[in-house]
>>> print(open('final_32.csv').read())   # CSV, C-alpha atoms
chain,number,residue,atom,x,y,z
J,40,MET,CA,-62.6,22.9,-62.9
J,41,ALA,CA,-59.9,24.7,-64.9
J,42,GLY,CA,-57.3,26.6,-63.0
J,43,SER,CA,-57.4,30.4,-63.0
J,44,PHE,CA,-54.8,32.7,-64.6
J,45,LEU,CA,-53.4,33.5,-61.2
J,46,GLN,CA,-53.1,29.8,-60.2
J,47,ALA,CA,-51.4,28.9,-63.5
J,48,MET,CA,-48.9,31.7,-63.2
J,49,THR,CA,-48.0,31.1,-59.5
J,50,THR,CA,-47.5,27.4,-60.0
J,51,GLY,CA,-45.5,27.9,-63.1
J,52,VAL,CA,-43.3,30.5,-61.5
J,53,LEU,CA,-42.8,28.5,-58.3
J,54,ILE,CA,-41.9,25.3,-60.1
J,55,GLY,CA,-39.7,27.1,-62.6
J,56,SER,CA,-37.7,28.9,-59.9
J,57,PHE,CA,-37.4,25.7,-57.9
J,58,LEU,CA,-36.0,23.9,-61.0
J,59,ARG,CA,-33.4,26.6,-61.5
J,60,TYR,CA,-32.4,26.3,-57.8
J,61,ASP,CA,-32.2,22.5,-58.2
J,62,MET,CA,-29.9,22.8,-61.3
J,63,LEU,CA,-27.8,25.4,-59.6
J,64,LYS,CA,-26.9,23.0,-56.8
J,65,ARG,CA,-25.8,20.4,-59.3
J,66,ASP,CA,-23.1,22.5,-60.9
J,67,TYR,CA,-21.4,23.4,-57.7
J,68,ARG,CA,-18.1,22.1,-58.9
J,69,LEU,CA,-18.3,23.6,-62.4
J,70,TYR,CA,-18.9,27.0,-61.0
J,71,PRO,CA,-17.5,27.2,-57.4
J,72,SER,CA,-20.3,29.3,-56.3
J,73,TYR,CA,-19.9,32.8,-55.2
J,74,PRO,CA,-22.9,33.8,-53.1
J,75,HIS,CA,-23.6,36.6,-55.5
J,76,GLY,CA,-23.3,34.4,-58.6
J,77,VAL,CA,-26.1,32.3,-57.1
J,78,VAL,CA,-28.3,35.3,-56.5
J,79,ILE,CA,-27.8,36.4,-60.1
J,80,HIS,CA,-28.8,33.1,-61.5
J,81,LEU,CA,-31.8,32.6,-59.2
J,82,ALA,CA,-33.0,36.0,-60.2
J,83,LEU,CA,-32.6,35.2,-63.9
J,84,GLY,CA,-34.3,31.8,-63.4
J,85,PHE,CA,-37.2,33.6,-61.7
J,86,ILE,CA,-37.6,35.9,-64.7
J,87,ALA,CA,-37.4,33.0,-67.1
J,88,ALA,CA,-40.1,31.2,-65.1
J,89,VAL,CA,-42.3,34.2,-65.1
J,90,ILE,CA,-42.0,34.5,-68.9
J,91,GLY,CA,-42.7,30.8,-69.4
J,92,ALA,CA,-45.6,30.6,-67.0
J,93,VAL,CA,-47.4,33.6,-68.4
J,94,ALA,CA,-47.2,32.5,-72.0
J,95,ILE,CA,-50.0,30.0,-72.4
J,96,PRO,CA,-52.6,31.6,-70.2
J,97,ALA,CA,-51.9,34.9,-72.0
J,98,LEU,CA,-52.3,33.3,-75.4
J,99,VAL,CA,-55.6,31.8,-74.4
J,100,GLU,CA,-56.9,35.1,-72.9
J,101,LYS,CA,-55.9,36.7,-76.3
J,102,GLU,CA,-53.2,38.9,-74.7
J,103,PHE,CA,-50.9,38.9,-77.7
J,104,THR,CA,-48.7,41.7,-76.5
J,105,ALA,CA,-47.7,39.5,-73.5
J,106,VAL,CA,-46.7,36.7,-75.9
J,107,THR,CA,-44.4,39.0,-77.9
J,108,PHE,CA,-42.7,39.8,-74.7
J,109,LEU,CA,-41.8,36.1,-74.4
J,110,ALA,CA,-39.9,36.3,-77.7
J,111,LEU,CA,-38.3,39.6,-76.7
J,112,ALA,CA,-37.2,38.4,-73.3
J,113,ALA,CA,-35.9,35.1,-74.7
J,114,THR,CA,-33.3,37.0,-76.7
J,115,GLN,CA,-32.1,38.6,-73.5
J,116,PHE,CA,-31.0,35.2,-72.2
J,117,ARG,CA,-28.4,35.0,-74.9
J,118,GLU,CA,-26.7,37.7,-72.9
J,119,VAL,CA,-26.3,35.2,-70.0
J,120,ARG,CA,-23.9,33.2,-72.0
J,121,ASN,CA,-21.8,36.3,-72.9
J,122,MET,CA,-21.9,37.4,-69.3
J,123,GLU,CA,-20.6,34.1,-68.0
J,124,ARG,CA,-18.0,33.7,-70.7
J,125,GLU,CA,-16.6,37.2,-70.1
J,126,MET,CA,-16.4,36.8,-66.4
J,127,LEU,CA,-14.8,33.4,-66.5
J,128,GLN,CA,-12.3,34.5,-69.2
J,129,ASN,CA,-11.3,37.4,-67.1
J,130,LEU,CA,-10.8,35.3,-64.0
J,131,ASP,CA,-9.0,32.6,-66.1
J,132,ARG,CA,-6.1,35.0,-66.8
J,133,THR,CA,-5.1,35.1,-63.1
J,134,ASN,CA,-5.8,31.4,-62.6
J,135,LEU,CA,-2.7,29.3,-61.8
J,136,VAL,CA,-4.1,26.5,-63.8
J,137,PRO,CA,-6.5,28.0,-66.4
J,138,ARG,CA,-9.7,26.3,-67.4
J,139,GLY,CA,-9.1,27.1,-71.0
J,140,PRO,CA,-11.6,28.5,-73.6
J,141,ASP,CA,-13.3,25.2,-74.3
J,142,TYR,CA,-14.3,24.6,-70.7
J,143,ILE,CA,-15.4,28.2,-70.3
J,144,GLU,CA,-17.6,28.0,-73.4
J,145,GLY,CA,-19.1,24.8,-72.1
J,146,ILE,CA,-20.0,26.3,-68.7
J,147,ALA,CA,-21.4,29.5,-70.4
J,148,ARG,CA,-23.5,27.4,-72.7
J,149,VAL,CA,-24.9,25.4,-69.8
J,150,PHE,CA,-26.0,28.5,-68.0
J,151,GLU,CA,-27.9,29.8,-71.1
J,152,ALA,CA,-29.5,26.4,-71.7
J,153,ARG,CA,-30.7,26.1,-68.1
J,154,ASN,CA,-32.7,29.3,-68.3
J,155,TYR,CA,-34.4,27.9,-71.4
J,156,LEU,CA,-35.2,24.7,-69.6
J,157,VAL,CA,-36.7,26.7,-66.8
J,158,MET,CA,-38.8,28.6,-69.3
J,159,PHE,CA,-40.1,25.4,-71.0
J,160,ALA,CA,-40.9,23.9,-67.6
J,161,ALA,CA,-42.8,26.9,-66.5
J,162,LEU,CA,-44.6,27.0,-69.8
J,163,LEU,CA,-45.6,23.4,-69.4
J,164,VAL,CA,-46.7,23.8,-65.8
J,165,GLY,CA,-48.5,27.0,-66.4
J,166,GLY,CA,-50.4,25.5,-69.4
J,167,VAL,CA,-51.3,22.3,-67.7
J,168,THR,CA,-52.5,24.2,-64.6
J,169,TYR,CA,-54.6,26.6,-66.7
J,170,TRP,CA,-56.4,23.9,-68.6
J,171,SER,CA,-56.8,21.4,-65.8
J,172,ASN,CA,-55.9,22.2,-62.2
J,173,ILE,CA,-53.0,22.7,-59.7
J,174,PHE,CA,-52.8,19.0,-59.0
J,175,TYR,CA,-52.0,18.1,-62.6
J,176,GLY,CA,-49.8,21.2,-62.8
J,177,LEU,CA,-47.7,19.9,-60.0
J,178,ILE,CA,-47.4,16.5,-61.5
J,179,SER,CA,-46.2,18.0,-64.8
J,180,GLY,CA,-43.7,20.0,-62.7
J,181,LEU,CA,-42.4,16.8,-61.2
J,182,ALA,CA,-42.1,15.3,-64.7
J,183,ALA,CA,-40.2,18.4,-65.8
J,184,LEU,CA,-37.8,18.0,-62.8
J,185,VAL,CA,-37.0,14.4,-63.8
J,186,VAL,CA,-36.5,15.3,-67.4
J,187,THR,CA,-34.2,18.3,-66.7
J,188,ARG,CA,-32.2,16.2,-64.3
J,189,ARG,CA,-31.6,13.6,-67.0
J,190,LEU,CA,-30.8,16.3,-69.6
J,191,MET,CA,-28.4,18.0,-67.4
J,192,LYS,CA,-26.4,14.9,-66.5
J,193,GLY,CA,-23.6,15.0,-69.0
J,194,LYS,CA,-20.9,12.3,-69.4
J,195,THR,CA,-17.8,12.3,-67.4
J,196,ILE,CA,-14.3,11.0,-68.1
J,197,GLY,CA,-15.1,8.0,-66.0
J,198,ASP,CA,-17.7,7.0,-68.6
J,199,ILE,CA,-15.4,7.1,-71.6
J,200,ALA,CA,-12.1,6.0,-70.1
J,201,LYS,CA,-10.3,3.9,-67.5
J,202,VAL,CA,-8.2,5.9,-65.1
J,203,ARG,CA,-5.2,4.3,-63.4
J,204,GLU,CA,-2.0,5.3,-61.6
J,205,GLY,CA,1.1,5.9,-63.7
J,206,LYS,CA,4.8,6.0,-62.7
J,207,VAL,CA,6.4,9.4,-62.7
J,208,HIS,CA,10.1,9.1,-63.8
J,209,PHE,CA,12.9,10.8,-65.7
J,210,LYS,CA,15.0,9.7,-68.6
J,211,GLY,CA,17.8,12.3,-68.5
J,212,PRO,CA,16.0,15.6,-68.2
J,213,ASN,CA,12.9,14.3,-69.8
J,214,LEU,CA,9.8,13.7,-67.6
J,215,PHE,CA,7.7,10.7,-68.3
J,216,VAL,CA,4.6,9.1,-66.8
J,217,ASP,CA,4.8,5.4,-67.8
J,218,ASN,CA,5.8,5.8,-71.5
J,219,ILE,CA,4.2,9.2,-72.2
J,220,HIS,CA,6.7,12.0,-72.6
J,221,PHE,CA,5.8,15.3,-70.9
J,222,MET,CA,8.6,17.8,-71.0
J,223,ASN,CA,12.2,18.5,-70.6
J,224,LEU,CA,13.2,19.9,-67.2
J,225,GLY,CA,16.7,21.4,-66.8
J,226,ILE,CA,17.3,21.9,-63.1
J,227,ASP,CA,18.1,19.0,-60.7
J,228,LYS,CA,16.1,20.6,-57.9
J,229,VAL,CA,13.0,20.8,-60.0
J,230,ARG,CA,13.4,17.1,-61.0
J,231,ASP,CA,13.8,16.1,-57.3
J,232,ILE,CA,10.6,17.9,-56.4
J,233,TYR,CA,8.8,16.0,-59.2
J,234,LEU,CA,10.2,12.6,-58.1
J,235,GLU,CA,9.3,13.3,-54.5
J,236,ARG,CA,5.9,14.9,-54.8
J,237,ALA,CA,4.4,14.5,-58.3
J,238,LEU,CA,1.5,12.1,-59.1
J,239,GLY,CA,0.8,10.7,-62.5
J,240,VAL,CA,-2.3,9.0,-63.9
J,241,ILE,CA,-2.9,7.4,-67.2
J,242,ILE,CA,-6.3,7.7,-68.9
J,243,GLU,CA,-7.1,4.9,-71.2
J,244,PRO,CA,-10.0,5.5,-73.6
J,245,LEU,CA,-12.5,2.6,-73.7
J,246,ASP,CA,-13.1,3.0,-77.5
J,247,ASP,CA,-12.3,5.1,-80.5
J,248,ASN,CA,-15.0,7.7,-79.5
J,249,GLY,CA,-13.2,8.2,-76.2
J,250,ARG,CA,-9.9,8.4,-77.9
J,251,ALA,CA,-11.1,11.2,-80.2
J,252,THR,CA,-12.6,13.0,-77.3
J,253,LEU,CA,-9.4,12.8,-75.2
J,254,ALA,CA,-7.4,14.1,-78.1
J,255,ASN,CA,-9.1,17.5,-77.8
J,256,SER,CA,-6.7,19.8,-76.1
J,257,GLY,CA,-9.5,21.8,-74.5
J,258,GLN,CA,-10.7,18.6,-72.8
J,259,ARG,CA,-7.3,17.9,-71.5
J,260,ARG,CA,-7.0,21.4,-70.1
J,261,ALA,CA,-10.2,20.9,-68.3
J,262,ILE,CA,-8.8,17.7,-66.8
J,263,ALA,CA,-5.7,19.5,-65.5
J,264,HIS,CA,-7.8,22.3,-64.2
J,265,ASP,CA,-10.2,20.1,-62.2
J,266,ALA,CA,-7.4,18.0,-60.8
J,267,ALA,CA,-5.6,21.0,-59.6
J,268,ALA,CA,-8.7,22.6,-58.2
J,269,LEU,CA,-9.5,19.5,-56.1
J,270,LEU,CA,-6.0,18.5,-55.0
J,271,GLY,CA,-4.3,21.9,-54.7
J,272,ILE,CA,-1.2,22.8,-56.7
J,273,HIS,CA,2.5,23.2,-55.7
J,274,LYS,CA,3.0,26.1,-58.0
J,275,ASP,CA,3.2,29.9,-58.1
J,276,VAL,CA,3.2,32.4,-61.0
J,277,ASP,CA,7.0,32.3,-61.2
J,278,THR,CA,7.3,28.5,-61.3
J,279,PRO,CA,5.5,27.6,-64.5
J,280,GLU,CA,7.5,24.3,-64.6
J,281,PHE,CA,5.0,22.9,-62.0
J,282,THR,CA,1.9,23.5,-64.2
J,283,PRO,CA,0.0,20.2,-64.4
J,284,LEU,CA,0.2,18.8,-67.9
J,285,VAL,CA,-1.9,16.4,-69.9
J,286,ARG,CA,-0.1,14.8,-72.8
J,287,ARG,CA,-1.2,12.2,-75.3
J,288,SER,CA,0.6,9.1,-76.5
J,289,LEU,CA,0.5,9.3,-80.2
J,290,ASP,CA,0.7,5.5,-80.6
J,291,THR,CA,-2.1,4.4,-78.4
J,292,GLY,CA,-4.2,7.5,-77.9
J,293,ARG,CA,-3.8,7.2,-74.1
J,294,VAL,CA,-3.5,10.4,-72.2
J,295,GLY,CA,-1.3,11.0,-69.2
J,296,LEU,CA,-1.6,13.6,-66.5
J,297,VAL,CA,1.2,14.8,-64.3
J,298,ILE,CA,0.6,17.1,-61.4
J,299,VAL,CA,2.5,18.3,-58.3
J,300,PRO,CA,-0.4,18.5,-55.8
J,301,LEU,CA,-0.4,19.8,-52.3
J,302,GLU,CA,-2.2,16.7,-51.2
J,303,LYS,CA,-0.4,13.6,-52.5
J,304,ASP,CA,-3.3,11.1,-52.6
J,305,ILE,CA,-3.5,9.0,-55.7
J,306,SER,CA,-7.0,7.6,-55.1
J,307,VAL,CA,-8.4,11.1,-54.7
J,308,LEU,CA,-6.7,12.1,-58.0
J,309,ILE,CA,-8.1,9.2,-59.9
J,310,GLU,CA,-11.5,9.9,-58.6
J,311,ALA,CA,-11.2,13.6,-59.5
J,312,VAL,CA,-10.1,12.8,-63.0
J,313,LYS,CA,-13.0,10.4,-63.4
J,314,ARG,CA,-15.5,13.1,-62.5
J,315,VAL,CA,-14.2,15.7,-64.9
J,316,PRO,CA,-17.1,16.5,-67.3
J,317,VAL,CA,-16.7,15.6,-70.9
J,318,LEU,CA,-17.0,18.9,-72.7
J,319,GLU,CA,-19.7,19.3,-75.2
J,320,SER,CA,-17.3,20.8,-77.7
J,321,ALA,CA,-14.8,18.0,-77.2
J,322,LEU,CA,-17.2,15.1,-77.5
J,323,SER,CA,-16.5,13.2,-80.6
J,324,THR,CA,-18.3,10.1,-81.9
J,325,PRO,CA,-16.5,8.8,-85.1
J,326,LEU,CA,-17.9,5.3,-84.3
J,327,LYS,CA,-21.4,6.6,-85.1
J,328,THR,CA,-20.6,6.8,-88.7
J,329,THR,CA,-19.9,3.9,-91.1
J,330,LEU,CA,-16.7,5.3,-92.2
J,331,GLY,CA,-15.5,5.8,-88.6
J,332,LYS,CA,-16.4,2.1,-87.9
J,333,ARG,CA,-14.5,1.0,-91.0
J,334,ALA,CA,-11.5,3.1,-89.9
J,335,ALA,CA,-11.6,1.5,-86.5
J,336,ASP,CA,-11.1,-2.1,-87.5
T,177,MET,CA,-0.3,33.5,-86.1
T,178,GLU,CA,1.1,34.8,-82.9
T,179,LEU,CA,4.4,33.3,-81.7
T,180,GLU,CA,3.6,32.0,-78.2
T,181,LYS,CA,6.7,30.2,-77.2
T,182,TYR,CA,10.1,31.7,-77.5
T,183,ILE,CA,13.6,31.4,-76.1
T,184,LEU,CA,14.3,34.1,-73.5
T,185,ALA,CA,17.9,33.2,-72.8
T,186,ILE,CA,20.6,30.6,-73.2
T,187,ILE,CA,22.8,29.5,-70.3
T,188,THR,CA,25.8,27.5,-71.3
T,189,THR,CA,29.0,26.0,-70.0
T,190,GLU,CA,30.1,25.4,-73.6
T,191,PRO,CA,30.2,28.8,-75.4
T,192,GLY,CA,31.3,27.1,-78.7
T,193,LYS,CA,28.0,25.4,-79.0
T,194,VAL,CA,25.9,28.5,-79.2
T,195,SER,CA,26.2,31.4,-81.6
T,196,GLY,CA,24.1,34.4,-82.7
T,197,GLY,CA,20.4,34.5,-82.4
T,198,GLY,CA,18.0,36.8,-80.6
T,199,ALA,CA,18.4,35.6,-77.1
T,200,PRO,CA,21.1,36.6,-74.7
T,201,VAL,CA,23.7,34.0,-73.9
T,202,PHE,CA,25.0,33.6,-70.4
T,203,ILE,CA,28.3,31.8,-70.1
T,204,SER,CA,29.1,30.0,-66.9
T,205,GLN,CA,32.2,28.1,-65.7
T,206,THR,CA,30.6,25.2,-63.8
T,207,LYS,CA,27.3,23.3,-63.8
T,208,GLU,CA,26.5,24.7,-60.3
T,209,GLU,CA,26.9,28.3,-61.6
T,210,GLN,CA,24.8,27.4,-64.6
T,211,ASP,CA,22.0,25.9,-62.5
T,212,LYS,CA,22.0,29.0,-60.2
T,213,ILE,CA,21.9,31.5,-63.1
T,214,ALA,CA,19.2,29.5,-64.8
T,215,THR,CA,17.1,29.3,-61.7
T,216,ILE,CA,17.4,33.0,-61.0
T,217,LEU,CA,16.5,33.9,-64.6
T,218,ALA,CA,13.6,31.5,-64.7
T,219,ARG,CA,12.1,33.0,-61.5
T,220,ALA,CA,12.6,36.5,-62.8
T,221,THR,CA,11.1,35.9,-66.2
T,222,GLU,CA,8.5,33.2,-65.3
T,223,GLY,CA,10.0,30.9,-67.9
T,224,VAL,CA,10.9,27.2,-67.8
T,225,ILE,CA,14.5,25.8,-68.1
T,226,HIS,CA,15.1,23.0,-70.6
T,227,ASP,CA,18.3,21.0,-70.8
T,228,LEU,CA,19.7,20.2,-74.3
T,229,GLU,CA,22.0,17.7,-72.6
T,230,ASN,CA,25.1,19.2,-74.1
T,231,GLY,CA,25.9,21.8,-71.5
T,232,VAL,CA,23.3,24.2,-73.0
T,233,TYR,CA,20.2,25.3,-71.1
T,234,LEU,CA,17.3,27.1,-72.8
T,235,LEU,CA,15.0,29.4,-70.9
T,236,VAL,CA,11.7,29.2,-72.7
T,237,LYS,CA,8.5,31.3,-72.2
T,238,HIS,CA,5.5,29.0,-72.6
>>> encode(input="final_32.csv", output="structure tokens")
Amino acid sequence: MAGSFLQAMTTGVLIGSFLRYDMLKRDYRLYPSYPHGVVIHLALGFIAAVIGAVAIPALVEKEFTAVTFLALAATQFREVRNMEREMLQNLDRTNLVPRGPDYIEGIARVFEARNYLVMFAALLVGGVTYWSNIFYGLISGLAALVVTRRLMKGKTIGDIAKVREGKVHFKGPNLFVDNIHFMNLGIDKVRDIYLERALGVIIEPLDDNGRATLANSGQRRAIAHDAAALLGIHKDVDTPEFTPLVRRSLDTGRVGLVIVPLEKDISVLIEAVKRVPVLESALSTPLKTTLGKRAAD
Amino acid sequence: MELEKYILAIITTEPGKVSGGGAPVFISQTKEEQDKIATILARATEGVIHDLENGVYLLVKH
């Protein structure tokens, strides 16, 4: 027996909303959740689910006006990206360690994409329920859950590079981690604080793809931001010399991070750096082309 | 293109090594005085002090 319009819609909406909730939990660290931010996105997810769930049953019942609404509403979700970007950009200005525009763009894009995923899932579940029954509808919902989870699992720095401890030291006034130069620091007191409290890590790309990705300065800012967010930072607005820096060795393509954390714990820092997401805009794959491969050897 | 980094001040114990330019030059007698002036200026302007290793400090806005 085929499911009714009502059954199709309820199943679609419920599963779609649940998917949005499921994805929201997974980006806790990307978007240190304000309770109201969560409410906003659950509400938007619900709307997306309604639009998706209603589409196929409406088409079949020849309710074409309902279908035009789908297209109309979909454009509204473009606003989600603008909303997120604007808010994060405004907050970034007062951030001690800014996320940087690349990271913000990545987060904003993810928020937009997730609403579309919810819409597709609700569409699928609604359609399946309408043509068969709730049981198959739920199964397709489960399949959608598995697929979205896989789609949403981006790469992290740990996948493209090896992260190890580096030695923080000075040559004259110049700050180094191993052999990567960071900056010139004039005052002895500042240098003493660095020697006493700073941590350094070296990120070694596993291949040329990783090297190209780590060269992106937006990606490096994201690393500095996440490290600072997780370990705390010994810095205030009037001490910019303690801003965590990520610099690149031009010879090897290795990348170094120096940070003066509140919690001096190197194993936590290494783990934190490994978990930094690889930004979509930074991801670079020269090895996928023949020319890139030829250049690599 | 907008200029993002610029020299806010120069703090030196060797006046002969600096001349002209847009940034004020603060002349100090000892390294201690130089460090102190540089630190105060850095805190006030939210800049970073760099050492040219010839007795001249730069205060740079990053």
>>> closest_atom_pairs(input="final_32.csv", of="chain J", to="chain T", cutoff="7 Å", atoms="all atoms listed in the file", output="tab-separated table")
residue	atom	partner	partner_atom	distance
J:Pro212	CA	T:Asp227	CA	6.4
J:Asn223	CA	T:His226	CA	5.4
J:Leu224	CA	T:His226	CA	5.0
J:Gly225	CA	T:Asp227	CA	4.3
J:Ile226	CA	T:Asp211	CA	6.2
J:Val276	CA	T:Glu222	CA	6.9
J:Asp277	CA	T:Glu222	CA	4.5
J:Thr278	CA	T:Glu222	CA	6.3
J:Pro279	CA	T:Val224	CA	6.3
J:Glu280	CA	T:Val224	CA	5.5
>>> atom_distance(input="final_32.csv", atom1="atom CA of Ile86 of chain J", atom2="atom CA of Tyr142 of chain J")
26.6 Å
>>> residues_near_point(input="final_32.csv", point="(26.0, 24.3, -62.6)", cutoff="10 Å", atoms="all atoms listed in the file", output="list in words")
Ile226 and Asp227 of chain J; Ile187, Thr188, Thr189, Ser204, Gln205, Thr206, Lys207, Glu208, Glu209, Gln210, Asp211, Lys212, Ile213, Ala214 and Gly231 of chain T
>>> atom_distance(input="final_32.csv", atom1="atom CA of Thr107 of chain J", atom2="atom CA of Gly91 of chain J")
11.9 Å
>>> axis_aligned_box(input="final_32.csv", around="segment 225-234 of chain T", padding_each_side="5 Å", output="lines of an AutoDock Vina configuration file")
center_x = 20.2
center_y = 22.4
center_z = -71.2
size_x = 21.4
size_y = 19.4
size_z = 16.2
>>> atom_distance(input="final_32.csv", atom1="atom CA of Phe57 of chain J", atom2="atom CA of Ile146 of chain J")
20.5 Å
>>> residues_around(input="final_32.csv", residues="Arg59 of chain J", least_positions_apart="6", cutoff="10 Å", atoms="all atoms listed in the file", output="list of chain:residue names")
J:His80, J:Leu81, J:Ala82, J:Leu83, J:Gly84, J:Phe85, J:Ala87, J:Ala88, J:Arg153, J:Asn154, J:Leu156, J:Val157, J:Met158, J:Leu184, J:Thr187
>>> closest_residue(input="final_32.csv", among="J:Asp217, J:Arg203, J:Phe44, J:Leu245", to="Glu100 of chain J", atoms="all atoms listed in the file")
J:Phe44
>>> residues_around(input="final_32.csv", residues="segment 254-258 of chain J", least_positions_apart="5", cutoff="10 Å", atoms="all atoms listed in the file", output="VMD selection string")
chain J and resid 138 to 143 196 249 263 to 264 285 to 289 292 to 294 315 to 323
>>> write_last_selection(input="final_32.csv", atoms="C-alpha atoms", output="mmCIF file, in the frame of the given file")
data_model
loop_
_atom_site.group_PDB
_atom_site.id
_atom_site.type_symbol
_atom_site.label_atom_id
_atom_site.label_comp_id
_atom_site.auth_asym_id
_atom_site.auth_seq_id
_atom_site.Cartn_x
_atom_site.Cartn_y
_atom_site.Cartn_z
ATOM 1 C CA ARG J 138 -9.700 26.300 -67.400
ATOM 2 C CA GLY J 139 -9.100 27.100 -71.000
ATOM 3 C CA PRO J 140 -11.600 28.500 -73.600
ATOM 4 C CA ASP J 141 -13.300 25.200 -74.300
ATOM 5 C CA TYR J 142 -14.300 24.600 -70.700
ATOM 6 C CA ILE J 143 -15.400 28.200 -70.300
ATOM 7 C CA ILE J 196 -14.300 11.000 -68.100
ATOM 8 C CA GLY J 249 -13.200 8.200 -76.200
ATOM 9 C CA ALA J 263 -5.700 19.500 -65.500
ATOM 10 C CA HIS J 264 -7.800 22.300 -64.200
ATOM 11 C CA VAL J 285 -1.900 16.400 -69.900
ATOM 12 C CA ARG J 286 -0.100 14.800 -72.800
ATOM 13 C CA ARG J 287 -1.200 12.200 -75.300
ATOM 14 C CA SER J 288 0.600 9.100 -76.500
ATOM 15 C CA LEU J 289 0.500 9.300 -80.200
ATOM 16 C CA GLY J 292 -4.200 7.500 -77.900
ATOM 17 C CA ARG J 293 -3.800 7.200 -74.100
ATOM 18 C CA VAL J 294 -3.500 10.400 -72.200
ATOM 19 C CA VAL J 315 -14.200 15.700 -64.900
ATOM 20 C CA PRO J 316 -17.100 16.500 -67.300
ATOM 21 C CA VAL J 317 -16.700 15.600 -70.900
ATOM 22 C CA LEU J 318 -17.000 18.900 -72.700
ATOM 23 C CA GLU J 319 -19.700 19.300 -75.200
ATOM 24 C CA SER J 320 -17.300 20.800 -77.700
ATOM 25 C CA ALA J 321 -14.800 18.000 -77.200
ATOM 26 C CA LEU J 322 -17.200 15.100 -77.500
ATOM 27 C CA SER J 323 -16.500 13.200 -80.600
#
>>> closest_residue(input="final_32.csv", among="J:Leu330, J:Lys194, J:Asp290, J:His220", to="Lys313 of chain J", atoms="only C-alpha atoms")
J:Lys194
>>> residues_around(input="final_32.csv", residues="segment 117-119 of chain J", least_positions_apart="3", cutoff="6 Å", atoms="only C-alpha atoms", output="list in words")
Thr114, Met122 and Glu151 of chain J
>>> residues_around(input="final_32.csv", residues="Ala97 of chain J", least_positions_apart="6", cutoff="8 Å", atoms="only C-alpha atoms", output="PyMOL selection string")
chain J and resi 103+105-106
>>> write_last_selection(input="final_32.csv", atoms="C-alpha atoms", output="compact mmCIF listing (two decimals), keeping the file's coordinate frame")
# COMPACT_ATOMS: atom_id res chain seq x y z
CA PHE J 103 -50.90 38.90 -77.70
CA ALA J 105 -47.70 39.50 -73.50
CA VAL J 106 -46.70 36.70 -75.90
